[in-house]
$ cat run-v2.pdb   # PDB, C-alpha atoms and all ligand atoms
MODEL        1
ATOM      1  CA  MET A   1     186.005 169.553 168.490
ATOM      2  CA  THR A   2     188.115 166.450 167.738
ATOM      3  CA  LYS A   3     187.322 164.939 164.380
ATOM      4  CA  PRO A   4     186.627 161.179 164.034
ATOM      5  CA  SER A   5     189.691 159.407 162.677
ATOM      6  CA  LEU A   6     190.062 156.836 159.892
ATOM      7  CA  ALA A   7     192.795 154.293 159.145
ATOM      8  CA  VAL A   8     192.895 152.067 156.061
ATOM      9  CA  GLU A   9     194.867 148.823 156.413
ATOM     10  CA  THR A  10     195.700 146.903 153.238
ATOM     11  CA  LEU A  11     196.315 143.151 153.155
ATOM     12  CA  SER A  12     196.230 141.033 149.945
ATOM     13  CA  ILE A  13     195.066 143.657 147.471
ATOM     14  CA  CYS A  14     195.297 145.067 143.974
ATOM     15  CA  SER A  15     194.846 148.653 145.305
ATOM     16  CA  GLY A  16     191.567 149.089 143.422
ATOM     17  CA  CYS A  17     189.710 149.576 146.711
ATOM     18  CA  GLU A  18     192.016 152.416 147.778
ATOM     19  CA  ILE A  19     191.704 154.022 144.348
ATOM     20  CA  ALA A  20     187.903 153.844 144.801
ATOM     21  CA  ILE A  21     188.300 156.089 147.874
ATOM     22  CA  LEU A  22     190.143 158.623 145.732
ATOM     23  CA  ASP A  23     187.311 158.247 143.159
ATOM     24  CA  LEU A  24     184.979 160.034 145.562
ATOM     25  CA  HIS A  25     185.896 163.065 143.433
ATOM     26  CA  GLN A  26     183.930 166.116 144.564
ATOM     27  CA  ALA A  27     182.794 164.347 147.753
ATOM     28  CA  LEU A  28     186.425 163.690 148.787
ATOM     29  CA  PRO A  29     187.278 167.178 150.135
ATOM     30  CA  GLY A  30     184.119 167.066 152.293
ATOM     31  CA  VAL A  31     185.061 163.646 153.673
ATOM     32  CA  LEU A  32     188.647 164.781 154.314
ATOM     33  CA  ASP A  33     187.312 167.876 156.108
ATOM     34  CA  ALA A  34     185.086 165.775 158.343
ATOM     35  CA  ILE A  35     187.601 163.074 159.288
ATOM     36  CA  ASP A  36     191.188 162.885 160.397
ATOM     37  CA  LEU A  37     192.777 160.470 157.893
ATOM     38  CA  LYS A  38     195.486 158.877 160.031
ATOM     39  CA  TYR A  39     196.770 156.114 157.837
ATOM     40  CA  ILE A  40     196.422 154.925 154.237
ATOM     41  CA  GLN A  41     199.378 153.344 152.524
ATOM     42  CA  VAL A  42     198.606 154.520 148.985
ATOM     43  CA  LEU A  43     199.031 158.107 150.230
ATOM     44  CA  MET A  44     201.453 157.761 153.158
ATOM     45  CA  ASP A  45     204.821 156.071 153.255
ATOM     46  CA  PHE A  46     204.641 154.035 156.464
ATOM     47  CA  ARG A  47     203.339 150.580 157.400
ATOM     48  CA  GLU A  48     201.861 150.674 160.886
ATOM     49  CA  PRO A  49     198.348 151.720 161.930
ATOM     50  CA  PRO A  50     198.344 154.574 164.495
ATOM     51  CA  LYS A  51     199.120 153.358 168.028
ATOM     52  CA  GLU A  52     196.667 155.715 169.704
ATOM     53  CA  GLY A  53     193.714 154.086 167.934
ATOM     54  CA  VAL A  54     191.120 155.375 165.475
ATOM     55  CA  THR A  55     187.363 155.744 165.290
ATOM     56  CA  VAL A  56     186.983 153.730 162.078
ATOM     57  CA  GLY A  57     189.313 151.150 160.543
ATOM     58  CA  PHE A  58     188.849 150.018 156.938
ATOM     59  CA  VAL A  59     190.526 146.760 155.930
ATOM     60  CA  SER A  60     190.946 146.032 152.240
ATOM     61  CA  GLY A  61     192.204 142.696 150.959
ATOM     62  CA  GLY A  62     191.965 139.140 152.207
ATOM     63  CA  VAL A  63     194.403 137.379 154.525
ATOM     64  CA  ARG A  64     197.092 135.352 152.745
ATOM     65  CA  ASN A  65     200.114 135.352 155.056
ATOM     66  CA  GLU A  66     201.139 135.428 158.718
ATOM     67  CA  GLU A  67     202.181 139.086 158.694
ATOM     68  CA  GLN A  68     198.695 140.026 157.495
ATOM     69  CA  VAL A  69     197.140 138.156 160.433
ATOM     70  CA  GLU A  70     199.214 140.369 162.782
ATOM     71  CA  LEU A  71     198.328 143.568 160.895
ATOM     72  CA  LEU A  72     194.652 142.611 160.983
ATOM     73  CA  HIS A  73     194.662 142.026 164.737
ATOM     74  CA  LYS A  74     196.429 145.374 165.265
ATOM     75  CA  ILE A  75     193.889 147.375 163.270
ATOM     76  CA  ARG A  76     191.033 145.531 165.010
ATOM     77  CA  GLU A  77     192.466 146.351 168.448
ATOM     78  CA  ARG A  78     192.984 149.999 167.502
ATOM     79  CA  SER A  79     189.611 150.636 165.773
ATOM     80  CA  GLN A  80     186.311 151.316 167.504
ATOM     81  CA  ILE A  81     184.497 150.283 164.307
ATOM     82  CA  LEU A  82     185.989 147.862 161.782
ATOM     83  CA  VAL A  83     184.805 147.705 158.161
ATOM     84  CA  ALA A  84     185.539 144.857 155.714
ATOM     85  CA  PHE A  85     186.155 147.045 152.697
ATOM     86  CA  GLY A  86     185.724 145.347 149.325
ATOM     87  CA  ALA A  87     185.133 141.815 148.089
ATOM     88  CA  CYS A  88     188.632 140.548 148.959
ATOM     89  CA  SER A  89     188.295 141.582 152.586
ATOM     90  CA  ALA A  90     184.679 140.400 152.875
ATOM     91  CA  PHE A  91     184.820 137.090 150.956
ATOM     92  CA  GLY A  92     188.442 136.492 149.881
ATOM     93  CA  GLY A  93     187.715 137.974 146.431
ATOM     94  CA  ILE A  94     189.428 136.863 143.244
ATOM     95  CA  PRO A  95     192.691 135.950 145.093
ATOM     96  CA  GLY A  96     190.539 133.423 147.001
ATOM     97  CA  LEU A  97     190.391 131.308 143.829
ATOM     98  CA  ALA A  98     193.943 130.302 144.742
ATOM     99  CA  ASN A  99     192.278 128.079 147.357
ATOM    100  CA  LEU A 100     191.717 125.576 144.558
ATOM    101  CA  HIS A 101     195.417 124.786 144.972
ATOM    102  CA  THR A 102     197.522 123.924 147.960
ATOM    103  CA  LYS A 103     200.098 126.386 149.256
ATOM    104  CA  ASP A 104     202.935 124.114 148.080
ATOM    105  CA  GLU A 105     201.491 123.886 144.571
ATOM    106  CA  LEU A 106     201.317 127.683 144.363
ATOM    107  CA  LEU A 107     204.927 128.129 145.503
ATOM    108  CA  GLN A 108     206.101 125.433 143.087
ATOM    109  CA  GLU A 109     204.282 127.097 140.180
ATOM    110  CA  VAL A 110     205.372 130.664 140.947
ATOM    111  CA  TYR A 111     209.026 130.090 141.909
ATOM    112  CA  ILE A 112     209.950 126.993 139.882
ATOM    113  CA  ASP A 113     207.586 125.893 137.096
ATOM    114  CA  THR A 114     206.644 129.067 135.222
ATOM    115  CA  VAL A 115     208.347 129.352 131.824
ATOM    116  CA  SER A 116     209.877 132.741 132.633
ATOM    117  CA  THR A 117     211.413 131.637 135.972
ATOM    118  CA  VAL A 118     215.199 131.233 136.190
ATOM    119  CA  ASN A 119     215.832 129.402 139.466
ATOM    120  CA  PRO A 120     218.343 126.600 138.814
ATOM    121  CA  LYS A 121     218.633 125.649 142.500
ATOM    122  CA  GLY A 122     214.861 125.549 142.949
ATOM    123  CA  VAL A 123     214.977 127.914 145.942
ATOM    124  CA  ILE A 124     211.622 128.975 147.335
ATOM    125  CA  PRO A 125     212.064 132.291 149.249
ATOM    126  CA  HIS A 126     211.477 131.847 152.976
ATOM    127  CA  LYS A 127     213.788 134.282 154.808
ATOM    128  CA  VAL A 128     212.642 137.766 153.853
ATOM    129  CA  VAL A 129     208.996 137.101 153.033
ATOM    130  CA  PRO A 130     206.206 136.327 155.510
ATOM    131  CA  PRO A 131     205.129 132.653 155.440
ATOM    132  CA  LEU A 132     201.966 131.992 153.457
ATOM    133  CA  LEU A 133     198.914 130.587 155.188
ATOM    134  CA  GLU A 134     197.480 127.385 153.765
ATOM    135  CA  GLU A 135     194.694 129.354 152.114
ATOM    136  CA  VAL A 136     193.237 132.839 151.543
ATOM    137  CA  HIS A 137     190.754 133.954 154.218
ATOM    138  CA  PRO A 138     188.125 136.680 154.512
ATOM    139  CA  ILE A 139     189.010 138.889 157.492
ATOM    140  CA  SER A 140     185.968 137.652 159.443
ATOM    141  CA  ASP A 141     187.789 134.306 159.864
ATOM    142  CA  PHE A 142     190.089 136.113 162.355
ATOM    143  CA  VAL A 143     188.374 139.191 163.801
ATOM    144  CA  LYS A 144     184.943 140.656 164.535
ATOM    145  CA  VAL A 145     183.710 142.786 161.625
ATOM    146  CA  ASP A 146     181.213 145.574 162.302
ATOM    147  CA  TYR A 147     180.281 146.478 158.730
ATOM    148  CA  VAL A 148     180.809 144.982 155.286
ATOM    149  CA  LEU A 149     181.079 147.191 152.229
ATOM    150  CA  PRO A 150     181.271 144.756 149.313
ATOM    151  CA  GLY A 151     182.192 145.280 145.670
ATOM    152  CA  CYS A 152     185.298 144.939 143.564
ATOM    153  CA  PRO A 153     185.882 147.728 144.296
ATOM    154  CA  PRO A 154     183.008 149.234 146.345
ATOM    155  CA  PRO A 155     181.217 151.987 144.385
ATOM    156  CA  PRO A 156     182.289 155.500 145.520
ATOM    157  CA  LYS A 157     178.631 156.420 146.153
ATOM    158  CA  LEU A 158     178.338 153.657 148.779
ATOM    159  CA  ILE A 159     181.705 154.585 150.298
ATOM    160  CA  ALA A 160     180.427 158.140 150.787
ATOM    161  CA  GLU A 161     177.153 156.824 152.275
ATOM    162  CA  LEU A 162     178.978 154.545 154.705
ATOM    163  CA  VAL A 163     181.386 157.269 155.840
ATOM    164  CA  THR A 164     178.500 159.723 156.292
ATOM    165  CA  CYS A 165     176.528 157.181 158.374
ATOM    166  CA  LEU A 166     179.547 156.443 160.567
ATOM    167  CA  LEU A 167     180.291 160.152 161.065
ATOM    168  CA  GLU A 168     176.684 160.770 162.073
ATOM    169  CA  GLY A 169     176.627 157.750 164.387
ATOM    170  CA  LYS A 170     173.989 155.959 162.280
ATOM    171  CA  GLU A 171     173.786 152.293 161.324
ATOM    172  CA  PHE A 172     174.815 151.420 157.765
ATOM    173  CA  ARG A 173     173.026 148.551 156.079
ATOM    174  CA  LEU A 174     172.601 147.499 152.468
ATOM    175  CA  GLU A 175     168.975 146.915 151.556
ATOM    176  CA  PRO A 176     168.033 143.216 151.426
ATOM    177  CA  LYS A 177     167.759 143.244 147.628
ATOM    178  CA  THR A 178     169.490 141.325 144.890
ATOM    179  CA  VAL A 179     171.099 142.788 141.764
ATOM    180  CA  CYS A 180     168.055 141.465 139.854
ATOM    181  CA  ASP A 181     165.804 143.633 142.042
ATOM    182  CA  GLN A 182     167.649 146.717 140.790
ATOM    183  CA  CYS A 183     168.151 145.591 137.181
ATOM    184  CA  PRO A 184     166.251 147.444 134.448
ATOM    185  CA  LEU A 185     166.220 144.500 132.004
ATOM    186  CA  THR A 186     162.991 142.557 131.442
ATOM    187  CA  LYS A 187     162.741 139.083 132.941
ATOM    188  CA  ASP A 188     159.663 137.105 132.161
ATOM    189  CA  GLU A 189     159.936 133.638 130.727
ATOM    190  CA  LYS A 190     161.669 130.268 130.911
ATOM    191  CA  SER A 191     163.668 130.283 127.752
ATOM    192  CA  VAL A 192     167.159 128.897 128.149
ATOM    193  CA  THR A 193     168.127 125.624 126.520
ATOM    194  CA  ASN A 194     171.836 126.029 126.986
ATOM    195  CA  PHE A 195     174.312 128.615 128.308
ATOM    196  CA  ILE A 196     176.673 130.376 125.971
ATOM    197  CA  ARG A 197     179.918 132.207 126.371
ATOM    198  CA  TRP A 198     179.756 135.958 126.873
ATOM    199  CA  GLY A 199     180.480 137.837 123.657
ATOM    200  CA  THR A 200     179.552 135.004 121.289
ATOM    201  CA  LYS A 201     176.020 136.161 120.509
ATOM    202  CA  LYS A 202     174.301 139.471 119.756
ATOM    203  CA  ILE A 203     172.600 140.858 122.861
ATOM    204  CA  ASP A 204     168.978 141.948 123.089
ATOM    205  CA  PRO A 205     169.400 145.258 125.021
ATOM    206  CA  GLU A 206     165.962 145.018 126.657
ATOM    207  CA  ARG A 207     165.928 141.443 127.891
ATOM    208  CA  CYS A 208     167.387 139.676 130.951
ATOM    209  CA  LEU A 209     170.875 138.391 130.123
ATOM    210  CA  LEU A 210     170.347 135.138 132.021
ATOM    211  CA  GLU A 211     167.289 134.411 129.905
ATOM    212  CA  GLN A 212     169.420 135.073 126.815
ATOM    213  CA  GLY A 213     171.731 132.283 127.924
ATOM    214  CA  PHE A 214     174.507 134.294 129.602
ATOM    215  CA  GLN A 215     175.630 133.429 133.110
ATOM    216  CA  CYS A 216     174.467 136.439 135.134
ATOM    217  CA  LEU A 217     174.704 136.142 138.925
ATOM    218  CA  GLY A 218     172.102 138.836 139.576
ATOM    219  CA  PRO A 219     169.594 136.475 141.258
ATOM    220  CA  VAL A 220     172.075 135.428 143.961
ATOM    221  CA  THR A 221     174.089 138.603 144.477
ATOM    222  CA  GLN A 222     173.574 141.349 147.062
ATOM    223  CA  GLY A 223     172.268 144.524 145.457
ATOM    224  CA  GLY A 224     173.627 148.008 146.117
ATOM    225  CA  CYS A 225     175.658 148.688 142.981
ATOM    226  CA  GLU A 226     172.528 149.806 141.102
ATOM    227  CA  ALA A 227     173.020 146.770 138.834
ATOM    228  CA  ARG A 228     175.842 148.581 137.098
ATOM    229  CA  CYS A 229     177.011 145.616 134.990
ATOM    230  CA  PRO A 230     173.660 144.416 133.530
ATOM    231  CA  THR A 231     172.663 148.061 133.055
ATOM    232  CA  ALA A 232     175.706 148.279 130.785
ATOM    233  CA  LEU A 233     174.646 144.934 129.208
ATOM    234  CA  ALA A 234     177.382 142.896 130.899
ATOM    235  CA  PRO A 235     176.461 139.966 133.161
ATOM    236  CA  CYS A 236     176.785 140.396 136.919
ATOM    237  CA  ARG A 237     179.856 138.451 138.119
ATOM    238  CA  GLY A 238     178.798 138.529 141.758
ATOM    239  CA  CYS A 239     181.276 140.966 143.314
ATOM    240  CA  PHE A 240     178.827 142.079 146.044
ATOM    241  CA  GLY A 241     178.757 138.515 147.328
ATOM    242  CA  PRO A 242     175.684 136.662 148.549
ATOM    243  CA  THR A 243     172.677 138.282 150.185
ATOM    244  CA  GLU A 244     171.934 137.378 153.795
ATOM    245  CA  SER A 245     169.302 134.895 152.660
ATOM    246  CA  VAL A 246     171.434 133.374 149.889
ATOM    247  CA  HIS A 247     174.516 132.461 152.013
ATOM    248  CA  ASP A 248     176.281 130.660 149.154
ATOM    249  CA  GLN A 249     176.169 132.010 145.602
ATOM    250  CA  ALA A 250     177.047 128.722 143.862
ATOM    251  CA  ALA A 251     174.457 126.617 145.674
ATOM    252  CA  LYS A 252     171.725 129.171 145.077
ATOM    253  CA  MET A 253     172.727 129.817 141.455
ATOM    254  CA  ILE A 254     172.464 126.144 140.605
ATOM    255  CA  GLY A 255     168.894 126.379 141.914
ATOM    256  CA  ALA A 256     168.256 129.589 139.959
ATOM    257  CA  ILE A 257     169.286 127.896 136.722
ATOM    258  CA  GLY A 258     166.202 125.721 137.056
ATOM    259  CA  SER A 259     163.970 128.795 137.020
ATOM    260  CA  VAL A 260     165.054 129.916 133.536
ATOM    261  CA  VAL A 261     165.631 126.582 131.823
ATOM    262  CA  ILE A 262     162.837 125.119 129.708
ATOM    263  CA  GLN A 263     161.727 122.121 131.724
ATOM    264  CA  ASP A 264     160.576 119.974 128.790
ATOM    265  CA  PRO A 265     163.195 117.173 128.449
ATOM    266  CA  THR A 266     162.386 116.874 124.724
ATOM    267  CA  LYS A 267     163.478 120.500 124.212
ATOM    268  CA  ALA A 268     166.345 120.972 126.638
ATOM    269  CA  PRO A 269     168.657 118.956 128.885
ATOM    270  CA  ALA A 270     167.871 118.875 132.612
ATOM    271  CA  PRO A 271     169.240 121.808 134.681
ATOM    272  CA  GLU A 272     171.750 119.440 136.388
ATOM    273  CA  GLN A 273     173.099 118.467 132.974
ATOM    274  CA  ILE A 274     173.421 122.130 131.965
ATOM    275  CA  VAL A 275     175.286 122.931 135.175
ATOM    276  CA  LYS A 276     177.680 120.007 134.601
ATOM    277  CA  GLU A 277     178.561 121.393 131.177
ATOM    278  CA  ILE A 278     179.486 124.887 132.403
ATOM    279  CA  PRO A 279     183.235 125.302 131.981
ATOM    280  CA  ASP A 280     184.952 126.665 135.119
ATOM    281  CA  LEU A 281     181.973 126.310 137.431
ATOM    282  CA  VAL A 282     183.907 127.681 140.427
ATOM    283  CA  GLY A 283     185.271 130.694 138.537
ATOM    284  CA  THR A 284     181.770 131.408 137.218
ATOM    285  CA  TYR A 285     179.733 131.053 140.415
ATOM    286  CA  LEU A 286     182.284 131.719 143.167
ATOM    287  CA  ARG A 287     184.638 134.160 141.468
ATOM    288  CA  PHE A 288     184.625 136.517 144.450
ATOM    289  CA  SER A 289     183.428 134.318 147.294
ATOM    290  CA  LEU A 290     185.141 130.931 147.127
ATOM    291  CA  ALA A 291     187.176 131.614 150.292
ATOM    292  CA  ALA A 292     183.960 132.255 152.247
ATOM    293  CA  SER A 293     181.852 129.629 150.511
ATOM    294  CA  THR A 294     180.277 126.691 152.286
ATOM    295  CA  PHE A 295     181.641 124.623 149.378
ATOM    296  CA  LYS A 296     185.249 125.542 150.010
ATOM    297  CA  LYS A 297     186.293 122.587 152.156
ATOM    298  CA  ALA A 298     184.496 120.040 149.968
ATOM    299  CA  LEU A 299     185.922 121.596 146.812
ATOM    300  CA  HIS A 300     189.431 121.718 148.200
ATOM    301  CA  THR A 301     189.298 118.110 149.356
ATOM    302  CA  ASN A 302     187.952 116.958 145.991
ATOM    303  CA  VAL A 303     190.542 118.945 144.004
ATOM    304  CA  VAL A 304     193.367 117.486 146.110
ATOM    305  CA  LYS A 305     191.915 113.984 145.666
ATOM    306  CA  MET A 306     191.579 114.462 141.905
ATOM    307  CA  LYS A 307     195.193 115.603 141.698
ATOM    308  CA  LYS A 308     196.235 112.496 143.581
ATOM    309  CA  GLY A 309     194.153 110.342 141.205
ATOM    310  CA  VAL A 310     191.708 109.334 143.964
ATOM    311  CA  LYS A 311     188.049 109.068 142.956
ATOM    312  CA  ALA A 312     186.291 112.085 144.542
TER     313      ALA A 312
HETATM  314  S1  LIG B   1     188.038 143.868 146.088
HETATM  315 FE1  LIG B   1     188.665 144.102 143.949
HETATM  316  S2  LIG B   1     189.446 146.207 143.833
HETATM  317 FE2  LIG B   1     189.413 145.639 146.019
HETATM  318  S3  LIG B   1     191.474 144.796 146.439
HETATM  319 FE3  LIG B   1     190.124 143.074 145.889
HETATM  320  S4  LIG B   1     190.495 142.786 143.696
HETATM  321 FE4  LIG B   1     191.212 144.850 144.208
HETATM  322  S1  LIG B   2     169.655 137.815 135.834
HETATM  323 FE1  LIG B   2     171.018 139.536 135.374
HETATM  324  S2  LIG B   2     170.201 140.465 133.528
HETATM  325 FE2  LIG B   2     168.586 139.138 134.375
HETATM  326  S3  LIG B   2     167.348 140.498 135.654
HETATM  327 FE3  LIG B   2     168.893 139.577 136.971
HETATM  328  S4  LIG B   2     170.598 141.038 136.976
HETATM  329 FE4  LIG B   2     169.279 141.558 135.229
HETATM  330  S1  LIG B   3     176.455 144.024 138.794
HETATM  331 FE1  LIG B   3     177.373 142.347 139.927
HETATM  332  S2  LIG B   3     179.531 142.276 139.255
HETATM  333 FE2  LIG B   3     178.660 144.251 138.590
HETATM  334  S3  LIG B   3     179.203 145.691 140.251
HETATM  335 FE3  LIG B   3     177.157 144.877 140.715
HETATM  336  S4  LIG B   3     177.501 143.103 142.042
HETATM  337 FE4  LIG B   3     179.447 143.600 141.061
ENDMDL
END

$ encode --input "run-v2.pdb" --output "structure tokens"
Amino acid sequence: MTKPSLAVETLSICSGCEIAILDLHQALPGVLDAIDLKYIQVLMDFREPPKEGVTVGFVSGGVRNEEQVELLHKIRERSQILVAFGACSAFGGIPGLANLHTKDELLQEVYIDTVSTVNPKGVIPHKVVPPLLEEVHPISDFVKVDYVLPGCPPPPKLIAELVTCLLEGKEFRLEPKTVCDQCPLTKDEKSVTNFIRWGTKKIDPERCLLEQGFQCLGPVTQGGCEARCPTALAPCRGCFGPTESVHDQAAKMIGAIGSVVIQDPTKAPAPEQIVKEIPDLVGTYLRFSLAASTFKKALHTNVVKMKKGVKA
């Protein structure tokens, strides 16, 4: 019997997602027995998905340049089922934070302005590198996506579950739960008067980190990772992206702040005031999902205006 085949296409990545596949450990031989692994760049030295097509295509990484748009369309055409694999592919991921700057600003910084750059003629490479797009995109901006496996990187347990479902012809779906729903820490009272930087205060190992004043994105983040960060007493940074009902992590998180802040104005500033005082609001609330956020256009326009000295 012919085995189902798998191809993994990589776009703008750090390779962590591919390493997560190798982290399947004892499950890996079983997966490799059950599928015909046709293409994965971290293991094979060629750069073209198989022409004859595959059963399942994984795409890791967001879309940053024109060559990646072509590669993405090729793997979509050649895959019966396409999976957005990892936060970068699904939401733009951390590289999506580059969308706070224009393409020209990025090129200027990288090839001319950095202290370590020696480029007396100010040449920006354009002949042997694919042209950059104006911004980083999640792959769903260009092609139909059948399944999303979020995470930075996706946990090996979920990778194994997804592959098993696809091999057995079953639907794969993450439960509609947030990270908070799976978190073992106790959450019970409105107690925050201000937010504090991670690592600057002793942690109560039993109590919700958000209620201790740390920015934890558990309330607005899709569950499925078994709350692995708060379980280890580190705040959730949101790498599973928003749940279906949340849509936008930043908008919902600003609302969630109100649920833990003491509402008495004599004891604490208003939630809006607290939000205004959070340094790096975008990096805190949209670290993995800026490129897919409903805020992205407004943010980009305002950042460009601010840089031009126009009142936003
Ligand atoms: S999702 Fe995370 S691990 Fe995967 S490519 Fe992006 S940055 Fe790397
Ligand atoms: S906010 Fe964070 S620490 Fe608190 S319950 Fe949710 S996931 Fe756990
Ligand atoms: S707890 Fe949050 S940041 Fe940590 S793995 Fe889960 S979704 Fe990602």

$ residues_near_ligand --input "run-v2.pdb" --ligand "ligand LIG 3 (chain B)" --cutoff "7 Å" --atoms "all atoms listed in the file" --output "ChimeraX atom specification"
/A:151-152,179,217-218,221-223,225-230,235-240

$ residues_near_ligand --input "run-v2.pdb" --ligand "ligand LIG 2 (chain B)" --cutoff "9 Å" --atoms "all atoms listed in the file" --output "PyMOL selection string"
chain A and resi 178-187+207-212+214-221+227+229-231+233-236

$ write_last_selection --input "run-v2.pdb" --atoms "C-alpha atoms" --output "PDB file, in the frame of the given file"
ATOM      1  CA  THR A 178     169.490 141.325 144.890  1.00  0.00           C
ATOM      2  CA  VAL A 179     171.099 142.788 141.764  1.00  0.00           C
ATOM      3  CA  CYS A 180     168.055 141.465 139.854  1.00  0.00           C
ATOM      4  CA  ASP A 181     165.804 143.633 142.042  1.00  0.00           C
ATOM      5  CA  GLN A 182     167.649 146.717 140.790  1.00  0.00           C
ATOM      6  CA  CYS A 183     168.151 145.591 137.181  1.00  0.00           C
ATOM      7  CA  PRO A 184     166.251 147.444 134.448  1.00  0.00           C
ATOM      8  CA  LEU A 185     166.220 144.500 132.004  1.00  0.00           C
ATOM      9  CA  THR A 186     162.991 142.557 131.442  1.00  0.00           C
ATOM     10  CA  LYS A 187     162.741 139.083 132.941  1.00  0.00           C
ATOM     11  CA  ARG A 207     165.928 141.443 127.891  1.00  0.00           C
ATOM     12  CA  CYS A 208     167.387 139.676 130.951  1.00  0.00           C
ATOM     13  CA  LEU A 209     170.875 138.391 130.123  1.00  0.00           C
ATOM     14  CA  LEU A 210     170.347 135.138 132.021  1.00  0.00           C
ATOM     15  CA  GLU A 211     167.289 134.411 129.905  1.00  0.00           C
ATOM     16  CA  GLN A 212     169.420 135.073 126.815  1.00  0.00           C
ATOM     17  CA  PHE A 214     174.507 134.294 129.602  1.00  0.00           C
ATOM     18  CA  GLN A 215     175.630 133.429 133.110  1.00  0.00           C
ATOM     19  CA  CYS A 216     174.467 136.439 135.134  1.00  0.00           C
ATOM     20  CA  LEU A 217     174.704 136.142 138.925  1.00  0.00           C
ATOM     21  CA  GLY A 218     172.102 138.836 139.576  1.00  0.00           C
ATOM     22  CA  PRO A 219     169.594 136.475 141.258  1.00  0.00           C
ATOM     23  CA  VAL A 220     172.075 135.428 143.961  1.00  0.00           C
ATOM     24  CA  THR A 221     174.089 138.603 144.477  1.00  0.00           C
ATOM     25  CA  ALA A 227     173.020 146.770 138.834  1.00  0.00           C
ATOM     26  CA  CYS A 229     177.011 145.616 134.990  1.00  0.00           C
ATOM     27  CA  PRO A 230     173.660 144.416 133.530  1.00  0.00           C
ATOM     28  CA  THR A 231     172.663 148.061 133.055  1.00  0.00           C
ATOM     29  CA  LEU A 233     174.646 144.934 129.208  1.00  0.00           C
ATOM     30  CA  ALA A 234     177.382 142.896 130.899  1.00  0.00           C
ATOM     31  CA  PRO A 235     176.461 139.966 133.161  1.00  0.00           C
ATOM     32  CA  CYS A 236     176.785 140.396 136.919  1.00  0.00           C
TER      33      CYS A 236
END

$ axis_aligned_box --input "run-v2.pdb" --around "ligand LIG 1 (chain B)" --padding-each-side "6 Å" --output "lines of an AutoDock Vina configuration file"
center_x = 189.8
center_y = 144.5
center_z = 145.1
size_x = 15.4
size_y = 15.4
size_z = 14.7

$ closest_residue --input "run-v2.pdb" --among "A:His73, A:Tyr147, A:Thr243, A:Glu161" --to "Glu175 (chain A)" --atoms "all atoms listed in the file"
A:Thr243

$ residues_near_ligand --input "run-v2.pdb" --ligand "ligand LIG 1 (chain B)" --cutoff "8 Å" --atoms "only C-alpha atoms and all ligand atoms" --output "PyMOL selection string"
chain A and resi 12-18+20+60-62+85-89+92-95+150-154+239

$ write_last_selection --input "run-v2.pdb" --atoms "C-alpha atoms" --output "PDB file, keeping the file's coordinate frame"
ATOM      1  CA  SER A  12     196.230 141.033 149.945  1.00  0.00           C
ATOM      2  CA  ILE A  13     195.066 143.657 147.471  1.00  0.00           C
ATOM      3  CA  CYS A  14     195.297 145.067 143.974  1.00  0.00           C
ATOM      4  CA  SER A  15     194.846 148.653 145.305  1.00  0.00           C
ATOM      5  CA  GLY A  16     191.567 149.089 143.422  1.00  0.00           C
ATOM      6  CA  CYS A  17     189.710 149.576 146.711  1.00  0.00           C
ATOM      7  CA  GLU A  18     192.016 152.416 147.778  1.00  0.00           C
ATOM      8  CA  ALA A  20     187.903 153.844 144.801  1.00  0.00           C
ATOM      9  CA  SER A  60     190.946 146.032 152.240  1.00  0.00           C
ATOM     10  CA  GLY A  61     192.204 142.696 150.959  1.00  0.00           C
ATOM     11  CA  GLY A  62     191.965 139.140 152.207  1.00  0.00           C
ATOM     12  CA  PHE A  85     186.155 147.045 152.697  1.00  0.00           C
ATOM     13  CA  GLY A  86     185.724 145.347 149.325  1.00  0.00           C
ATOM     14  CA  ALA A  87     185.133 141.815 148.089  1.00  0.00           C
ATOM     15  CA  CYS A  88     188.632 140.548 148.959  1.00  0.00           C
ATOM     16  CA  SER A  89     188.295 141.582 152.586  1.00  0.00           C
ATOM     17  CA  GLY A  92     188.442 136.492 149.881  1.00  0.00           C
ATOM     18  CA  GLY A  93     187.715 137.974 146.431  1.00  0.00           C
ATOM     19  CA  ILE A  94     189.428 136.863 143.244  1.00  0.00           C
ATOM     20  CA  PRO A  95     192.691 135.950 145.093  1.00  0.00           C
ATOM     21  CA  PRO A 150     181.271 144.756 149.313  1.00  0.00           C
ATOM     22  CA  GLY A 151     182.192 145.280 145.670  1.00  0.00           C
ATOM     23  CA  CYS A 152     185.298 144.939 143.564  1.00  0.00           C
ATOM     24  CA  PRO A 153     185.882 147.728 144.296  1.00  0.00           C
ATOM     25  CA  PRO A 154     183.008 149.234 146.345  1.00  0.00           C
ATOM     26  CA  CYS A 239     181.276 140.966 143.314  1.00  0.00           C
TER      27      CYS A 239
END

$ atom_distance --input "run-v2.pdb" --atom1 "CA of Val42 (chain A)" --atom2 "CA of Leu133 (chain A)"
24.7 Å

$ closest_residue --input "run-v2.pdb" --among "A:Val136, A:Val129, A:Ala232, A:Leu22" --to "Ala292 (chain A)" --atoms "only C-alpha atoms"
A:Val136

$ residues_near_point --input "run-v2.pdb" --point "(165.2, 131.2, 126.8)" --cutoff "8 Å" --atoms "all atoms listed in the file" --output "MDAnalysis selection string"
chainID A and resid 189:193 211:213 260:262

$ atom_distance --input "run-v2.pdb" --atom1 "CA of Val8 (chain A)" --atom2 "CA of Glu66 (chain A)"
18.8 Å

$ resolve_selection --input "run-v2.pdb" --expression "the PyMOL selection byres (((chain A and resi 77-83) around 6) and not hetatm)" --output "PyMOL selection string"
chain A and resi 53-58+74-76+84-85+145-148

$ atom_distance --input "run-v2.pdb" --atom1 "CA of Ala251 (chain A)" --atom2 "CA of Thr200 (chain A)"
26.3 Å
